[in-house]
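Structure, as structure tokens:
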Amino acid sequence: MTPPAGDGIAQPGRILVVDDTAFNRQLLARLLRGIGHETVEAEDGQQALDRLRDPAAPPIDVILLDIVMPVMDGYETLAALARDPALRHLPVIVISGVDELDSVVRCLEMGAADYLPKTVDPAILQARIASSLARKRLHDAEREAVERQSATNDVLAIMSRSAFDLQVVLDAVVRAALRLCRADYGVAYTLDDGAFRVAASAGGTPELDAWEREHPIKPGRDSVVGRVALIGEPIRVEDVLADREYQATPGQEGSGYRSLVGVPIEQDGAITGVLALTRNEVRPFSDAETALAFGFAEQAAIGIANARLLATIERQRGQLARFLSPQVALLVSSPEGEALLAGHRREITAMFCDLRNFTTFSETAEPEEVLGFVRRYHASVGALVVEHEGTLEHFAGDGLMVFFNDPELQDDHAARAVRMAVAIRETFVAISEEWRRRGHVLQVGMGIATGYATMGRIGFEGRYDYGGIGNAIILASRLSSEAKAGEILISQRTFGALDGAVPAEDAGERQLKGFSRPMAAYRVTAGEAAAAAAAEAS
Amino acid sequence: MSGGPEAGGGSGPAIDAAAFANLLEMTGGDVEFVDDLVDTYLEEGVTLIDRLRTAASAGDGATDDLLRAAHSLKSSSLNVGALQLGELCRALEADARGGSVVEPGPRVDAIASGFDDVSAALLAEREERRTGG
């Protein structure tokens, strides 16, 4: 095991001794261990390559290579190392006899870093190993820097692609932290209802992961996550089994993790999560690795902040939808919305619904009765507007205006408006019948017109409405006033656009306020009989 | 000390005292380890002599085997201080590398006899060290 980083040249390393002679391996290994290095032995080049390529074995820092060997000799081994991108950076020191200088030159040309005489001089051995180790460490540091940069870039790329998908961001953060901090298991916990729960994880066994997911962690000194939550600073534990306060869990016992690091995920100074990494061996996380984990925790924090922002926007949109029509609410919170709000010209169908005798009713009835009626009326008519996907422009005590084909485009806007009017009339039969029995006569009349209007934001700073200006809107309003109780009058263009989809008949030309010439009107006959009967009864 | 190929057993000490002392010093005076190392040398030496004999009797086709066995025995012999034996091995290895060895049998016999002398000397040294304190 590589002891923690010390100072420069005296750092111990893991040396692979490749020699077919047991005597030489034994002697070199002994000398190397004597100066603090760890050794691994191989009898020929093939064994050495197998060991170097074993992903489960700890990495080798320097190779001591004999030249003359059976199976695979030193030259073949050097060539194989040079071909392998994962191994070509490893310093190789060739061991050679004094009479083999030609071979040494050939080995150096093939990429060997250095050579050592076969009759070993411990001082020379120590110096050569130290210099090769320094070379290896420099290379490792460079590679690590590149790896860090690329992992950070990966996470940033994912964050910009899926800024509002917290799961994707946390998954990427945990994966990157696991890889760069050389951990065996990584978890991002988020605070939820007083406990830290697994939000994303990577690397662990299914059993460990399942256990962690089922057991949220509360702040406290008995766990690393709990301690981070308590203190708000990174916590490192060299070996959980040697930590007095740490309470071993079945998760720990099952997987056998030993070294841990936990760093806080903070939002505006409050701890909202913890990023934790574990190793299945006693190998403490270094300062550099802890700093790295901290950087990833910050990225997780940004991910969480983005997700919260999205939740706020969604909530606001939901609340807006209760005040505005859903179409307008969507418009307010969408990027295309701003352009539409600024104003645009479009063909629409407008519908006005007008309550007859409402003024008399509100003067004679008890205020509670009036409120009860209005609520019932709004609830049932409101549901019909939503059902037909109309845009509610206004909703007053005695009337409402709805338009179609804006902001959402609807090919059948005229038919939608007429069908909605018929449905309102049907609903109103039941409502008016009920009020008739209480002695109040309440009826609706409706007008519908199709034509171009300028739609957009109308009003002034602080109080804007989404609405329209145009002849069609005025015409619909006038037709609604003109309609008798229970009648639905539609304009010439609406009738034409209907194309027989809903039955209607000629209702003659009407002289309407604000229109210089008489306007043709049509009466919708669908469901008229029931409405007429109700009107008759009152 | 002469190191020619003809320098058979008897023309000098089988073990060079200074070289052997160097081995002890190298290991920090760890006598136990040196004993282990000598045991490894003796065991491996027997195997290497066998390989040399097999290769010598197999004729020209086995120069590679001859080379590798001579090479191995050479380096470990030099490290235990068996300088004469090391030289014999070096010469055989060099010829084998050259492609052909004339009459390898007698050369291997000389090496085997040298190895016997070295073995005896190493064991005698150990005995002497134990009894002499």
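Identifiers in this document derive from the order of the structure tokens: chains are assigned A, B, ..., residues are numbered from 1 separately in each chain, and ligands are numbered from 1 in order of occurrence.
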
I need the strand (DSSP E) residues of range 73-206 of chain A per DSSP on the backbone, written as a ChimeraX atom specification. /A:92-96,114-117,185-192,195-202

For C-alpha atoms, I'd like the residues from the last selection saved as a PDB file, in the first residue's frame.
ATOM      1  CA  VAL A  92      11.444   0.964 -16.656  1.00  0.00           C
ATOM      2  CA  ILE A  93      14.921   0.393 -15.227  1.00  0.00           C
ATOM      3  CA  VAL A  94      16.753  -2.329 -17.098  1.00  0.00           C
ATOM      4  CA  ILE A  95      18.983  -4.627 -15.027  1.00  0.00           C
ATOM      5  CA  SER A  96      22.044  -5.581 -16.963  1.00  0.00           C
ATOM      6  CA  ASP A 114      17.535   3.905 -16.952  1.00  0.00           C
ATOM      7  CA  TYR A 115      19.714   0.862 -16.264  1.00  0.00           C
ATOM      8  CA  LEU A 116      21.257  -0.824 -13.259  1.00  0.00           C
ATOM      9  CA  PRO A 117      24.243  -3.162 -13.114  1.00  0.00           C
ATOM     10  CA  TYR A 185     -18.745   4.092  -3.258  1.00  0.00           C
ATOM     11  CA  GLY A 186     -20.104   7.615  -3.563  1.00  0.00           C
ATOM     12  CA  VAL A 187     -23.402   9.109  -2.444  1.00  0.00           C
ATOM     13  CA  ALA A 188     -25.057  12.511  -2.669  1.00  0.00           C
ATOM     14  CA  TYR A 189     -27.524  12.849   0.187  1.00  0.00           C
ATOM     15  CA  THR A 190     -30.122  15.590   0.248  1.00  0.00           C
ATOM     16  CA  LEU A 191     -31.896  16.889   3.315  1.00  0.00           C
ATOM     17  CA  ASP A 192     -35.551  16.011   3.409  1.00  0.00           C
ATOM     18  CA  ALA A 195     -32.876  13.468   7.540  1.00  0.00           C
ATOM     19  CA  PHE A 196     -30.297  13.006   4.797  1.00  0.00           C
ATOM     20  CA  ARG A 197     -31.523  10.639   2.119  1.00  0.00           C
ATOM     21  CA  VAL A 198     -29.696   9.128  -0.868  1.00  0.00           C
ATOM     22  CA  ALA A 199     -30.432  11.265  -3.925  1.00  0.00           C
ATOM     23  CA  ALA A 200     -27.753   9.764  -6.189  1.00  0.00           C
ATOM     24  CA  SER A 201     -25.115   7.080  -5.765  1.00  0.00           C
ATOM     25  CA  ALA A 202     -22.442   5.232  -7.719  1.00  0.00           C
TER      26      ALA A 202
END

Could you list, as number ranges by chain, every residue of chain A that has an atom within 9 Å of an atom of chain B, counting only C-alpha atoms? A: 20-24, 26-27, 30-31, 34, 68-70, 97, 99, 118-122

Filtered DSSP result for range 5-122 of chain B, state alpha helix (DSSP H), as a ChimeraX atom specification: /B:17-26,31-58,63-80,83-98,104-122

In Å to one decimal, how far is CA of Ser432 in chain A from CA of Phe495 in chain A?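 A separation of 27.7 Å between them.
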
Closest to Ile15 in chain B among B:Leu52, B:Cys89, B:Leu66, B:Val118, using only C-alpha atoms? B:Val118

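If you measure from each of B:Thr47, B:Ala82, B:Gly105, B:Ser57 to Ser119 in chain B using only C-alpha atoms, the closest one turns out to be B:Ala82.
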
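Distance-wise, CA of Ala172 in chain A and CA of Asp154 in chain A end up 8.0 Å apart.
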
Using Å and a single decimal, report how far CA of Lys218 in chain A sits from CA of Ala293 in chain A. 21.2 Å

Residues at most 9 Å from range 164-166 of chain A, counting only C-alpha atoms, excluding those fewer than 2 positions away in the same chain, as number ranges by chain? A: 159-162, 168-171, 300, 303-304, 306-310

Grab the residues selected above and save them as a compact mmCIF listing (two decimals), in the first residue's frame with C-alpha atoms.
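Dumped everything to selection-v7.txt:
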# COMPACT_ATOMS: atom_id res chain seq x y z
CA MET A 159 -25.36 20.89 -16.01
CA SER A 160 -25.78 23.18 -18.97
CA ARG A 161 -27.63 20.51 -20.94
CA SER A 162 -29.92 19.37 -18.14
CA VAL A 168 -29.03 13.86 -14.01
CA VAL A 169 -26.81 16.52 -12.43
CA LEU A 170 -26.38 14.67 -9.13
CA ASP A 171 -25.67 11.39 -10.92
CA ALA A 300 -24.33 19.63 -6.67
CA GLY A 303 -27.91 21.70 -9.38
CA ILE A 304 -30.14 21.79 -6.32
CA ASN A 306 -31.59 25.25 -10.25
CA ALA A 307 -34.09 22.52 -9.41
CA ARG A 308 -35.59 24.73 -6.68
CA LEU A 309 -35.87 27.63 -9.08
CA LEU A 310 -37.72 25.39 -11.50
